$ cat coords-v1.cif   # mmCIF, C-alpha atoms
data_structure
loop_
_atom_site.label_atom_id
_atom_site.label_comp_id
_atom_site.auth_asym_id
_atom_site.auth_seq_id
_atom_site.Cartn_x
_atom_site.Cartn_y
_atom_site.Cartn_z
CA MET X 1 62.44 -9.47 23.00
CA LEU X 2 60.57 -12.60 21.89
CA GLU X 3 57.71 -11.79 24.24
CA SER X 4 57.51 -8.28 22.84
CA LEU X 5 57.35 -9.66 19.29
CA GLN X 6 54.63 -12.10 20.34
CA THR X 7 52.44 -9.40 21.89
CA GLY X 8 52.99 -7.18 18.88
CA LEU X 9 51.94 -9.98 16.55
CA TYR X 10 48.92 -10.68 18.75
CA GLY X 11 47.80 -7.09 18.21
CA LEU X 12 47.90 -7.69 14.47
CA THR X 13 46.09 -11.01 14.55
CA ALA X 14 43.53 -10.34 17.30
CA GLY X 15 40.87 -9.20 14.85
CA VAL X 16 41.23 -12.26 12.64
CA SER X 17 41.32 -14.67 15.58
CA THR X 18 38.22 -13.05 17.14
CA LEU X 19 36.42 -13.38 13.83
CA PHE X 20 37.18 -17.10 13.68
CA THR X 21 36.54 -17.85 17.35
CA SER X 22 33.44 -15.86 18.31
CA GLY X 23 32.67 -13.88 15.18
CA GLY X 24 30.04 -16.12 13.57
CA PRO X 25 27.26 -13.51 13.86
CA ASN X 26 29.65 -10.85 12.58
CA VAL X 27 30.43 -12.91 9.48
CA ILE X 28 26.70 -13.24 8.77
CA MET X 29 26.25 -9.50 9.27
CA LEU X 30 29.16 -8.76 6.94
CA LEU X 31 27.29 -10.77 4.31
CA ILE X 32 24.07 -8.86 5.11
CA ALA X 33 26.02 -5.59 4.77
CA ALA X 34 27.18 -6.79 1.36
CA VAL X 35 23.56 -7.53 0.38
CA LEU X 36 22.44 -4.06 1.54
CA LEU X 37 25.26 -2.44 -0.45
CA TYR X 38 24.39 -4.58 -3.48
CA LEU X 39 20.70 -3.62 -3.27
CA GLY X 40 21.56 0.05 -2.92
CA VAL X 41 24.26 0.20 -5.59
CA LYS X 42 23.12 -2.32 -8.20
CA LYS X 43 19.35 -2.49 -7.68
CA ASP X 44 18.79 1.17 -6.81
CA VAL X 45 16.79 0.24 -3.68
CA GLU X 46 16.76 3.39 -1.50
CA PRO X 47 20.50 3.89 -2.22
CA LEU X 48 20.75 7.09 -0.19
CA LEU X 49 19.98 5.08 2.91
CA LEU X 50 21.02 1.52 2.15
CA VAL X 51 24.55 2.54 1.18
CA PRO X 52 25.39 4.31 4.47
CA ILE X 53 23.40 1.73 6.49
CA GLY X 54 25.21 -1.11 4.70
CA PHE X 55 28.59 0.51 5.22
CA GLY X 56 27.86 1.28 8.88
CA CYS X 57 26.86 -2.38 9.32
CA PHE X 58 30.07 -3.42 7.56
CA LEU X 59 32.22 -1.23 9.84
CA VAL X 60 30.64 -2.27 13.12
CA ASN X 61 30.93 -5.99 12.37
CA ILE X 62 34.67 -5.96 11.87
CA PRO X 63 35.83 -7.41 15.21
CA LEU X 64 37.53 -5.09 17.72
CA SER X 65 36.73 -2.04 15.60
CA ASP X 66 35.24 -0.25 18.65
CA LEU X 67 33.25 2.08 16.42
CA MET X 68 30.14 1.70 18.56
CA GLU X 69 32.04 1.92 21.85
CA SER X 70 32.19 5.15 23.81
CA GLY X 71 34.15 7.67 21.75
CA GLY X 72 33.82 5.64 18.53
CA LEU X 73 32.68 7.41 15.36
CA LEU X 74 29.37 5.56 14.97
CA LYS X 75 28.57 5.90 18.67
CA ILE X 76 29.19 9.65 18.45
CA LEU X 77 26.81 9.88 15.47
CA TYR X 78 24.24 7.75 17.30
CA ASP X 79 24.37 9.95 20.41
CA MET X 80 24.40 13.08 18.29
CA GLY X 81 21.14 12.48 16.48
CA ILE X 82 19.46 9.12 17.00
CA SER X 83 19.19 8.71 20.75
CA ASN X 84 17.81 12.24 21.02
CA GLU X 85 15.64 11.95 17.83
CA VAL X 86 17.21 14.98 16.18
CA PHE X 87 18.16 13.31 12.87
CA PRO X 88 14.67 12.14 11.86
CA LEU X 89 13.26 15.55 12.73
CA LEU X 90 15.88 17.35 10.63
CA ILE X 91 15.02 15.03 7.74
CA PHE X 92 11.37 15.94 8.21
CA ILE X 93 12.19 19.62 7.67
CA GLY X 94 13.69 18.62 4.33
CA ILE X 95 10.70 16.44 3.44
CA GLY X 96 8.32 19.29 4.23
CA ALA X 97 10.38 21.59 2.03
CA MET X 98 10.17 19.10 -0.85
CA ILE X 99 6.44 18.35 -0.79
CA ASP X 100 3.80 20.37 -2.60
CA PHE X 101 0.53 19.84 -0.77
CA GLY X 102 -1.38 21.58 -3.57
CA SER X 103 -2.98 18.41 -4.94
CA LEU X 104 -4.25 17.53 -1.46
CA LEU X 105 -5.59 21.03 -0.91
CA GLU X 106 -7.54 20.77 -4.17
CA ASN X 107 -9.60 18.02 -2.55
CA PRO X 108 -9.05 17.94 1.23
CA LYS X 109 -11.38 14.93 1.65
CA MET X 110 -8.52 12.86 0.23
CA LEU X 111 -7.01 13.12 3.71
CA LEU X 112 -9.43 10.42 4.81
CA PHE X 113 -7.69 7.99 2.48
CA GLY X 114 -4.52 8.90 4.37
CA ALA X 115 -6.27 7.80 7.55
CA ALA X 116 -7.45 4.47 6.09
CA GLY X 117 -3.91 3.79 4.87
CA GLN X 118 -2.68 3.68 8.46
CA PHE X 119 -4.74 0.64 9.42
CA GLY X 120 -1.68 -1.59 9.09
CA ILE X 121 -0.12 0.19 12.08
CA PHE X 122 -2.91 -0.77 14.43
CA PHE X 123 -3.32 -4.27 13.00
CA THR X 124 0.41 -4.90 13.45
CA LEU X 125 0.25 -3.59 16.99
CA LEU X 126 -2.21 -6.36 17.84
CA LEU X 127 -0.05 -8.88 15.99
CA ALA X 128 3.09 -7.82 17.87
CA LEU X 129 1.28 -8.04 21.19
CA ALA X 130 -0.02 -11.49 20.26
CA LEU X 131 3.55 -12.57 19.49
CA GLY X 132 4.57 -11.56 23.00
CA PHE X 133 6.32 -8.24 22.45
CA PRO X 134 6.01 -5.77 25.36
CA GLN X 135 3.67 -2.83 24.81
CA LEU X 136 6.17 -0.13 23.84
CA GLU X 137 8.14 -2.51 21.61
CA ALA X 138 4.87 -3.50 19.91
CA VAL X 139 4.04 0.17 19.30
CA SER X 140 7.47 0.82 17.82
CA ILE X 141 7.20 -2.21 15.54
CA ALA X 142 3.69 -1.22 14.48
CA VAL X 143 4.89 2.17 13.27
CA ILE X 144 6.68 0.38 10.38
CA GLY X 145 3.13 0.41 8.96
CA ALA X 146 3.36 4.19 8.70
CA CYS X 147 5.66 3.38 5.76
CA ASP X 148 7.69 6.34 6.91
CA GLY X 149 11.36 5.85 7.86
CA PRO X 150 11.89 8.99 9.97
CA THR X 151 8.68 8.38 11.95
CA SER X 152 9.68 4.78 12.63
CA ILE X 153 13.12 5.88 13.79
CA TYR X 154 11.66 8.68 15.91
CA VAL X 155 9.32 6.32 17.78
CA ALA X 156 11.72 3.37 18.04
CA SER X 157 14.63 5.46 19.27
CA GLN X 158 12.49 6.69 22.16
CA TYR X 159 10.55 3.60 23.15
CA ALA X 160 12.46 0.58 21.84
CA PRO X 161 16.05 1.63 21.10
CA GLN X 162 17.14 -2.02 21.29
CA LEU X 163 14.96 -2.70 18.20
CA LEU X 164 15.95 0.41 16.29
CA ALA X 165 18.12 -1.39 13.74
CA PRO X 166 15.63 -4.02 12.54
CA ILE X 167 12.73 -1.54 12.65
CA SER X 168 14.49 1.12 10.61
CA VAL X 169 15.92 -1.33 8.08
CA ALA X 170 12.49 -2.96 7.70
CA ALA X 171 10.78 0.42 7.33
CA TYR X 172 13.10 1.60 4.57
CA SER X 173 13.22 -1.77 2.83
CA TYR X 174 9.45 -2.09 2.62
CA MET X 175 9.12 1.52 1.47
CA ALA X 176 11.35 0.61 -1.44
CA LEU X 177 9.34 -2.55 -2.10
CA VAL X 178 5.99 -0.74 -2.38
CA PRO X 179 5.92 -1.15 -6.21
CA ILE X 180 6.25 -4.92 -5.74
CA ILE X 181 4.01 -5.41 -2.69
CA GLN X 182 1.03 -3.26 -3.66
CA PRO X 183 -0.04 -4.22 -7.22
CA PRO X 184 -1.12 -7.83 -6.51
CA ILE X 185 -3.23 -6.66 -3.54
CA MET X 186 -4.77 -3.89 -5.66
CA ARG X 187 -5.69 -6.39 -8.37
CA ILE X 188 -7.16 -8.94 -5.95
CA LEU X 189 -9.38 -6.38 -4.23
CA THR X 190 -10.77 -4.58 -7.28
CA THR X 191 -12.95 -5.63 -10.18
CA PRO X 192 -11.89 -4.92 -13.80
CA ARG X 193 -14.77 -2.41 -13.98
CA GLU X 194 -13.55 -0.51 -10.93
CA ARG X 195 -9.98 -0.33 -12.22
CA VAL X 196 -10.99 1.60 -15.36
CA ILE X 197 -13.07 4.24 -13.56
CA LYS X 198 -11.99 7.66 -14.79
CA MET X 199 -11.96 10.44 -12.22
CA ALA X 200 -12.87 14.04 -13.05
CA PRO X 201 -9.82 16.18 -13.77
CA ILE X 202 -8.67 18.41 -10.92
CA LYS X 203 -9.33 22.14 -11.39
CA ARG X 204 -6.93 24.55 -9.78
CA SER X 205 -8.71 26.18 -6.89
CA VAL X 206 -6.07 26.80 -4.23
CA SER X 207 -4.76 30.30 -3.58
CA ALA X 208 -1.21 31.08 -2.49
CA THR X 209 -2.58 32.33 0.84
CA THR X 210 -4.26 28.98 1.51
CA LYS X 211 -1.03 27.14 0.74
CA LEU X 212 0.86 29.50 3.03
CA LEU X 213 -1.57 29.11 5.93
CA PHE X 214 -1.90 25.35 5.48
CA PRO X 215 1.27 24.35 7.42
CA ILE X 216 0.43 26.68 10.30
CA VAL X 217 -3.14 25.41 10.57
CA VAL X 218 -2.09 21.76 10.34
CA THR X 219 0.54 22.26 13.05
CA LEU X 220 -1.97 23.99 15.30
CA VAL X 221 -4.78 21.44 14.84
CA THR X 222 -2.62 18.33 15.16
CA GLY X 223 -0.62 19.91 17.97
CA LEU X 224 -3.80 20.51 19.93
CA LEU X 225 -5.29 17.07 19.24
CA ALA X 226 -2.11 14.98 19.51
CA PRO X 227 0.60 17.08 21.21
CA LYS X 228 3.07 14.20 21.62
CA GLY X 229 3.53 14.18 17.85
CA LEU X 230 4.19 17.89 17.56
CA PRO X 231 7.94 17.51 16.92
CA LEU X 232 7.13 15.33 13.88
CA MET X 233 4.34 17.47 12.44
CA GLY X 234 5.99 20.73 13.48
CA THR X 235 9.20 20.01 11.60
CA ILE X 236 7.52 18.75 8.42
CA MET X 237 5.28 21.81 8.40
CA LEU X 238 8.19 24.15 9.15
CA GLY X 239 9.85 22.89 5.98
CA ASN X 240 6.62 23.35 4.03
CA PHE X 241 6.04 26.84 5.41
CA MET X 242 9.54 27.87 4.34
CA ARG X 243 8.79 26.49 0.88
CA GLU X 244 5.47 28.30 0.53
CA CYS X 245 6.44 31.65 2.07
CA GLY X 246 9.11 32.10 -0.60
CA VAL X 247 11.26 34.53 1.39
CA VAL X 248 13.77 32.02 2.75
CA ALA X 249 14.77 30.26 -0.44
CA ARG X 250 18.28 29.64 0.90
CA LEU X 251 16.96 27.91 4.00
CA THR X 252 14.49 25.88 1.95
CA LYS X 253 17.20 24.74 -0.44
CA ALA X 254 19.57 23.97 2.42
CA SER X 255 16.84 21.95 4.17
CA GLU X 256 15.98 19.84 1.15
CA ASN X 257 19.56 19.45 -0.06
CA GLU X 258 22.57 20.00 2.20
CA ILE X 259 20.95 19.39 5.59
CA ALA X 260 18.85 16.44 4.38
CA ASN X 261 21.86 14.90 2.64
CA ILE X 262 24.27 15.29 5.56
CA VAL X 263 21.72 14.05 8.08
CA THR X 264 20.80 11.10 5.84
CA LEU X 265 24.47 10.09 5.72
CA PHE X 266 24.90 10.37 9.51
CA LEU X 267 21.56 8.67 10.16
CA GLY X 268 22.34 5.77 7.84
CA LEU X 269 25.80 5.23 9.31
CA ALA X 270 24.50 5.37 12.88
CA ILE X 271 21.69 2.90 12.13
CA GLY X 272 24.18 0.61 10.41
CA GLY X 273 26.25 0.93 13.57
CA THR X 274 23.44 -0.61 15.60
CA MET X 275 23.51 -3.74 13.43
CA GLU X 276 26.25 -5.56 15.35
CA GLY X 277 25.86 -9.30 14.76
CA HIS X 278 25.42 -10.50 18.33
CA ALA X 279 22.72 -7.89 18.98
CA PHE X 280 20.98 -8.02 15.60
CA LEU X 281 20.77 -11.72 14.79
CA LYS X 282 17.86 -12.79 16.95
CA PRO X 283 14.57 -14.50 16.11
CA GLN X 284 12.76 -11.27 16.95
CA THR X 285 14.51 -9.53 14.03
CA LEU X 286 12.92 -12.01 11.64
CA ALA X 287 9.56 -11.50 13.38
CA ILE X 288 9.88 -7.73 12.96
CA PHE X 289 10.56 -8.09 9.25
CA GLY X 290 7.56 -10.40 8.92
CA MET X 291 5.30 -7.99 10.78
CA GLY X 292 6.58 -5.07 8.72
CA PHE X 293 5.51 -6.90 5.58
CA VAL X 294 2.06 -7.66 7.01
CA SER X 295 1.76 -4.05 8.05
CA ILE X 296 2.35 -2.63 4.56
CA CYS X 297 -0.03 -5.23 3.08
CA MET X 298 -2.77 -4.28 5.55
CA ASP X 299 -2.26 -0.57 4.81
CA THR X 300 -2.87 -1.31 1.14
CA VAL X 301 -5.86 -3.56 1.84
CA ALA X 302 -7.50 -0.92 4.06
CA GLY X 303 -6.78 1.87 1.56
CA VAL X 304 -8.28 -0.01 -1.39
CA VAL X 305 -11.29 -1.22 0.63
CA PHE X 306 -11.87 2.37 1.77
CA GLY X 307 -11.62 3.38 -1.89
CA LYS X 308 -14.31 0.82 -2.78
CA ILE X 309 -16.58 2.22 -0.07
CA VAL X 310 -16.07 5.79 -1.31
CA CYS X 311 -16.61 4.56 -4.88
CA ALA X 312 -19.94 3.04 -3.89
CA LEU X 313 -21.00 6.13 -1.90
CA THR X 314 -20.17 8.50 -4.76
CA GLY X 315 -21.91 6.42 -7.41
CA GLY X 316 -18.69 5.26 -9.05
CA LYS X 317 -16.92 8.61 -9.29
CA VAL X 318 -13.82 7.48 -7.39
CA ASN X 319 -11.42 4.82 -8.63
CA PRO X 320 -10.72 2.53 -5.64
CA LEU X 321 -7.13 2.03 -6.80
CA ILE X 322 -6.21 5.49 -5.45
CA GLY X 323 -6.79 4.16 -1.93
CA ALA X 324 -3.50 2.27 -2.19
CA ALA X 325 -1.67 5.62 -2.27
CA GLY X 326 -2.84 6.52 1.24
CA ILE X 327 0.54 5.59 2.70
CA SER X 328 3.58 7.71 3.35
CA ALA X 329 5.84 6.35 0.60
CA PHE X 330 5.83 9.49 -1.53
CA PRO X 331 5.66 9.70 -4.53
CA MET X 332 6.18 6.00 -5.07
CA ALA X 333 2.68 4.89 -4.05
CA ALA X 334 1.05 7.50 -6.31
CA ARG X 335 3.14 6.27 -9.24
CA VAL X 336 2.11 2.68 -8.53
CA VAL X 337 -1.57 3.73 -8.71
CA GLN X 338 -1.00 5.59 -11.98
CA ALA X 339 0.82 2.58 -13.47
CA GLN X 340 -1.91 0.17 -12.38
CA GLY X 341 -4.64 2.43 -13.76
CA GLN X 342 -2.89 2.68 -17.11
CA LEU X 343 -2.39 -1.05 -17.23
CA TYR X 344 -6.13 -1.43 -17.82
CA ASP X 345 -6.81 1.83 -19.67
CA LYS X 346 -3.96 3.80 -21.19
CA LYS X 347 -6.05 6.97 -21.19
CA ASN X 348 -6.81 6.79 -17.47
CA HIS X 349 -4.74 9.39 -15.62
CA LEU X 350 -5.01 8.89 -11.88
CA LEU X 351 -1.69 10.48 -10.94
CA MET X 352 -2.96 13.84 -9.64
CA HIS X 353 -5.68 12.21 -7.56
CA ALA X 354 -3.24 9.62 -6.27
CA ALA X 355 -0.70 12.35 -5.46
CA GLY X 356 -3.34 14.08 -3.33
CA VAL X 357 -4.06 10.82 -1.52
CA ASN X 358 -0.32 10.16 -1.17
CA THR X 359 0.40 13.53 0.45
CA GLY X 360 -2.62 12.80 2.65
CA GLY X 361 -0.88 9.55 3.55
CA GLN X 362 2.25 11.50 4.43
CA ILE X 363 0.27 13.62 6.88
CA GLY X 364 -1.80 10.60 7.94
CA SER X 365 1.26 8.59 8.94
CA VAL X 366 2.57 11.40 11.12
CA VAL X 367 -0.88 11.96 12.63
CA ALA X 368 -1.28 8.24 13.35
CA ALA X 369 2.07 8.15 15.15
CA ALA X 370 1.21 11.37 16.99
CA VAL X 371 -2.17 9.98 18.04
CA MET X 372 -0.56 6.76 19.23
CA LEU X 373 1.99 8.61 21.32
CA SER X 374 -0.69 10.85 22.79
CA VAL X 375 -2.88 7.85 23.64
CA LEU X 376 0.14 6.19 25.30
CA LYS X 377 0.76 9.37 27.24
CA GLY X 378 -2.91 9.46 28.24
CA MET X 379 -2.65 5.86 29.45
CA GLY X 380 0.40 6.81 31.51
CA LEU X 381 2.70 4.43 29.62
CA ILE X 382 5.16 7.10 28.51
CA MET K 1 -2.25 -12.98 25.05
CA ASP K 2 -3.43 -11.94 28.48
CA ASN K 3 -6.35 -9.64 29.19
CA ALA K 4 -4.25 -6.58 29.91
CA LYS K 5 -2.51 -6.87 26.55
CA TRP K 6 -5.81 -7.34 24.71
CA THR K 7 -7.25 -4.32 26.50
CA PHE K 8 -4.20 -2.27 25.59
CA GLY K 9 -4.19 -3.45 21.97
CA LEU K 10 -7.88 -2.91 21.37
CA THR K 11 -7.81 0.49 23.10
CA MET K 12 -4.93 1.55 20.89
CA MET K 13 -6.72 0.24 17.81
CA ILE K 14 -10.07 1.89 18.54
CA VAL K 15 -8.81 5.17 19.99
CA GLY K 16 -5.75 5.29 17.72
CA MET K 17 -7.52 4.55 14.43
CA GLY K 18 -10.54 6.60 15.50
CA GLY K 19 -8.31 9.46 16.61
CA THR K 20 -6.42 9.37 13.32
CA PHE K 21 -9.66 9.51 11.31
CA LEU K 22 -11.06 12.24 13.54
CA THR K 23 -7.92 14.38 13.37
CA LEU K 24 -7.67 14.08 9.60
CA TRP K 25 -11.39 14.74 9.16
CA VAL K 26 -11.09 17.91 11.26
CA LEU K 27 -8.06 18.87 9.18
CA SER K 28 -9.99 18.35 5.95
CA LEU K 29 -12.78 20.62 7.24
CA VAL K 30 -10.26 23.29 8.21
CA MET K 31 -8.62 23.02 4.79
CA ASP K 32 -12.01 23.41 3.12
CA ALA K 33 -12.69 26.46 5.27
CA LEU K 34 -9.30 27.93 4.35
CA LYS K 35 -10.11 27.52 0.67
CA ARG K 36 -13.44 29.31 1.13
CA VAL K 37 -11.95 32.17 3.14
CA PHE K 38 -9.04 32.64 0.74
CA PRO K 39 -10.37 31.60 -2.67
CA LEU K 40 -8.24 31.63 -5.77
CA ALA K 41 -8.95 34.99 -7.40
CA ALA K 42 -10.14 34.67 -11.01
CA LYS K 43 -7.43 37.01 -12.27
CA ALA K 44 -4.71 35.34 -10.23
CA GLY K 45 -5.94 31.99 -11.51
CA SER K 46 -5.78 33.00 -15.15
CA ALA K 47 -2.42 34.68 -14.64
CA GLU K 48 -1.05 31.58 -12.98
CA LYS K 49 -2.33 29.43 -15.86
CA LYS K 50 -0.37 31.50 -18.33
#
$ encode --input "coords-v1.cif" --output "structure tokens"
Amino acid sequence: MLESLQTGLYGLTAGVSTLFTSGGPNVIMLLIAAVLLYLGVKKDVEPLLLVPIGFGCFLVNIPLSDLMESGGLLKILYDMGISNEVFPLLIFIGIGAMIDFGSLLENPKMLLFGAAGQFGIFFTLLLALALGFPQLEAVSIAVIGACDGPTSIYVASQYAPQLLAPISVAAYSYMALVPIIQPPIMRILTTPRERVIKMAPIKRSVSATTKLLFPIVVTLVTGLLAPKGLPLMGTIMLGNFMRECGVVARLTKASENEIANIVTLFLGLAIGGTMEGHAFLKPQTLAIFGMGFVSICMDTVAGVVFGKIVCALTGGKVNPLIGAAGISAFPMAARVVQAQGQLYDKKNHLLMHAAGVNTGGQIGSVVAAAVMLSVLKGMGLI
Amino acid sequence: MDNAKWTFGLTMMIVGMGGTFLTLWVLSLVMDALKRVFPLAAKAGSAEKK
């Protein structure tokens, strides 16, 4: 009888005793989960992701919870959509359905800003290699510079699943920090005269047929040039095609609302589930966060420098500040450019131009990842 | 960093960044061509403005 009582009591106290004996990393992660929840709830930092990620992290770090063991809820969600890359691709359908590429189509040359804004990816790749990360891990870390959560998750889940948690948390955190990271770099790299350059207003010149054919053409061209990235580009363009064709309004709405919301919840929980203390708390996690920061900074530097070059080539018709919007964080980066422009001249409206560059950055980030994967495939590494 | 890593990194940087620029440049040309082939009709434009 006494023995039975003892074993019963052990079952009740096992969690607490594990926490106090070998649960140091879990305690730290519980605090990190609290910080993530605080940032999401109180500071409005990417709440749709940080809340489920924070709660997933909270759940998995309660000792003996078994949520990431075979048959556990978080493990089921992980296997359902992260390990096979389905969740980020479903989110991309929703993103495609939400984005109007009209401002980019008005001036397609803005796409080149979207290319310049990906420099951080390749710079960070060198940095990660220099720090000793293996090739595929370095590639996965570098994609944080795409400033695009789903792309980062897509690449990391395939080629560095052991780094998925820090990479995805870094990617989403830095996306949210774009309004803090970018302005000082924009100010340092531009002169007061450049910042007040007014750009010619955009005239509407895009037909409905062009907007309809755009997703098909983009899918075809990028699919032919960088086939390894076709799942990424194909899904974003599927969403956009549904939006522009106008005959599947229910599917479009479902993609940008119900499906995107459900998948975001599952994705966040599953990523949070990978943040178990013993696996997450390593020096390399800190290094990944550091490299993610450098990556976003270098994206901004390259974008603004490219803007200065275009400004010089066009005889001062382009405000270099718009180069900072050549990243995937949409529409945040475009808003940052507008705010910075108005800081120096309240009548300077750069938003439409920056929105074109920003949607170019959205495509650019996917193209950069697709090109990287195709180059890796060409080199026989994947 | 050993030679193999440098080679890999620089190859990725040159081919990757170059490939990204090239792909997006080709896309911009195709988008320009699309706009020329299917221009915004004057009437449709004014109707849309209303």
$ resolve_selection --input "coords-v1.cif" --expression "the PyMOL selection byres ((chain K) within 8 of (chain X))" --output "mmCIF file with C-alpha atoms, in the frame of the given file"
data_model
loop_
_atom_site.group_PDB
_atom_site.id
_atom_site.type_symbol
_atom_site.label_atom_id
_atom_site.label_comp_id
_atom_site.auth_asym_id
_atom_site.auth_seq_id
_atom_site.Cartn_x
_atom_site.Cartn_y
_atom_site.Cartn_z
ATOM 1 C CA MET K 1 -2.250 -12.980 25.050
ATOM 2 C CA LYS K 5 -2.510 -6.870 26.550
ATOM 3 C CA TRP K 6 -5.810 -7.340 24.710
ATOM 4 C CA PHE K 8 -4.200 -2.270 25.590
ATOM 5 C CA GLY K 9 -4.190 -3.450 21.970
ATOM 6 C CA LEU K 10 -7.880 -2.910 21.370
ATOM 7 C CA MET K 12 -4.930 1.550 20.890
ATOM 8 C CA MET K 13 -6.720 0.240 17.810
ATOM 9 C CA VAL K 15 -8.810 5.170 19.990
ATOM 10 C CA GLY K 16 -5.750 5.290 17.720
ATOM 11 C CA MET K 17 -7.520 4.550 14.430
ATOM 12 C CA GLY K 19 -8.310 9.460 16.610
ATOM 13 C CA THR K 20 -6.420 9.370 13.320
ATOM 14 C CA PHE K 21 -9.660 9.510 11.310
ATOM 15 C CA THR K 23 -7.920 14.380 13.370
ATOM 16 C CA LEU K 24 -7.670 14.080 9.600
ATOM 17 C CA TRP K 25 -11.390 14.740 9.160
ATOM 18 C CA LEU K 27 -8.060 18.870 9.180
ATOM 19 C CA SER K 28 -9.990 18.350 5.950
ATOM 20 C CA LEU K 29 -12.780 20.620 7.240
ATOM 21 C CA VAL K 30 -10.260 23.290 8.210
ATOM 22 C CA MET K 31 -8.620 23.020 4.790
ATOM 23 C CA ASP K 32 -12.010 23.410 3.120
ATOM 24 C CA LEU K 34 -9.300 27.930 4.350
ATOM 25 C CA LYS K 35 -10.110 27.520 0.670
ATOM 26 C CA PHE K 38 -9.040 32.640 0.740
ATOM 27 C CA PRO K 39 -10.370 31.600 -2.670
ATOM 28 C CA LEU K 40 -8.240 31.630 -5.770
ATOM 29 C CA ALA K 41 -8.950 34.990 -7.400
ATOM 30 C CA GLY K 45 -5.940 31.990 -11.510
#
$ resolve_selection --input "coords-v1.cif" --expression "the PyMOL selection byres ((chain X and resi 146-152) around 10)" --output "PyMOL selection string"
chain X and resi 49+85+87-92+95+117-122+139-145+153-157+164+167-176+178+229+232+267+292+295-296+299+326-330+361-362+364-370
$ closest_residue --input "coords-v1.cif" --among "X:Thr300, X:Asn319, X:Gln162, X:Thr21" --to "Met199 in chain X" --atoms "all atoms listed in the file"
X:Asn319
$ residues_around --input "coords-v1.cif" --residues "range 331-341 of chain X" --least-positions-apart "5" --cutoff "10 Å" --atoms "only C-alpha atoms" --output "PyMOL selection string"
chain X and resi 99+175-180+182-184+186-187+194-198+300+319-326+346-359+361-362
$ write_last_selection --input "coords-v1.cif" --atoms "C-alpha atoms" --output "PDB file, in the coordinates of the input"
ATOM      1  CA  ILE X  99       6.440  18.350  -0.790  1.00  0.00           C
ATOM      2  CA  MET X 175       9.120   1.520   1.470  1.00  0.00           C
ATOM      3  CA  ALA X 176      11.350   0.610  -1.440  1.00  0.00           C
ATOM      4  CA  LEU X 177       9.340  -2.550  -2.100  1.00  0.00           C
ATOM      5  CA  VAL X 178       5.990  -0.740  -2.380  1.00  0.00           C
ATOM      6  CA  PRO X 179       5.920  -1.150  -6.210  1.00  0.00           C
ATOM      7  CA  ILE X 180       6.250  -4.920  -5.740  1.00  0.00           C
ATOM      8  CA  GLN X 182       1.030  -3.260  -3.660  1.00  0.00           C
ATOM      9  CA  PRO X 183      -0.040  -4.220  -7.220  1.00  0.00           C
ATOM     10  CA  PRO X 184      -1.120  -7.830  -6.510  1.00  0.00           C
ATOM     11  CA  MET X 186      -4.770  -3.890  -5.660  1.00  0.00           C
ATOM     12  CA  ARG X 187      -5.690  -6.390  -8.370  1.00  0.00           C
ATOM     13  CA  GLU X 194     -13.550  -0.510 -10.930  1.00  0.00           C
ATOM     14  CA  ARG X 195      -9.980  -0.330 -12.220  1.00  0.00           C
ATOM     15  CA  VAL X 196     -10.990   1.600 -15.360  1.00  0.00           C
ATOM     16  CA  ILE X 197     -13.070   4.240 -13.560  1.00  0.00           C
ATOM     17  CA  LYS X 198     -11.990   7.660 -14.790  1.00  0.00           C
ATOM     18  CA  THR X 300      -2.870  -1.310   1.140  1.00  0.00           C
ATOM     19  CA  ASN X 319     -11.420   4.820  -8.630  1.00  0.00           C
ATOM     20  CA  PRO X 320     -10.720   2.530  -5.640  1.00  0.00           C
ATOM     21  CA  LEU X 321      -7.130   2.030  -6.800  1.00  0.00           C
ATOM     22  CA  ILE X 322      -6.210   5.490  -5.450  1.00  0.00           C
ATOM     23  CA  GLY X 323      -6.790   4.160  -1.930  1.00  0.00           C
ATOM     24  CA  ALA X 324      -3.500   2.270  -2.190  1.00  0.00           C
ATOM     25  CA  ALA X 325      -1.670   5.620  -2.270  1.00  0.00           C
ATOM     26  CA  GLY X 326      -2.840   6.520   1.240  1.00  0.00           C
ATOM     27  CA  LYS X 346      -3.960   3.800 -21.190  1.00  0.00           C
ATOM     28  CA  LYS X 347      -6.050   6.970 -21.190  1.00  0.00           C
ATOM     29  CA  ASN X 348      -6.810   6.790 -17.470  1.00  0.00           C
ATOM     30  CA  HIS X 349      -4.740   9.390 -15.620  1.00  0.00           C
ATOM     31  CA  LEU X 350      -5.010   8.890 -11.880  1.00  0.00           C
ATOM     32  CA  LEU X 351      -1.690  10.480 -10.940  1.00  0.00           C
ATOM     33  CA  MET X 352      -2.960  13.840  -9.640  1.00  0.00           C
ATOM     34  CA  HIS X 353      -5.680  12.210  -7.560  1.00  0.00           C
ATOM     35  CA  ALA X 354      -3.240   9.620  -6.270  1.00  0.00           C
ATOM     36  CA  ALA X 355      -0.700  12.350  -5.460  1.00  0.00           C
ATOM     37  CA  GLY X 356      -3.340  14.080  -3.330  1.00  0.00           C
ATOM     38  CA  VAL X 357      -4.060  10.820  -1.520  1.00  0.00           C
ATOM     39  CA  ASN X 358      -0.320  10.160  -1.170  1.00  0.00           C
ATOM     40  CA  THR X 359       0.400  13.530   0.450  1.00  0.00           C
ATOM     41  CA  GLY X 361      -0.880   9.550   3.550  1.00  0.00           C
ATOM     42  CA  GLN X 362       2.250  11.500   4.430  1.00  0.00           C
TER      43      GLN X 362
END
$ atom_distance --input "coords-v1.cif" --atom1 "CA of Thr219 in chain X" --atom2 "CA of Gly234 in chain X"
5.7 Å
$ closest_residue --input "coords-v1.cif" --among "X:Ile271, X:Met291, X:Leu381, X:Val51" --to "Ile76 in chain X" --atoms "only C-alpha atoms"
X:Ile271
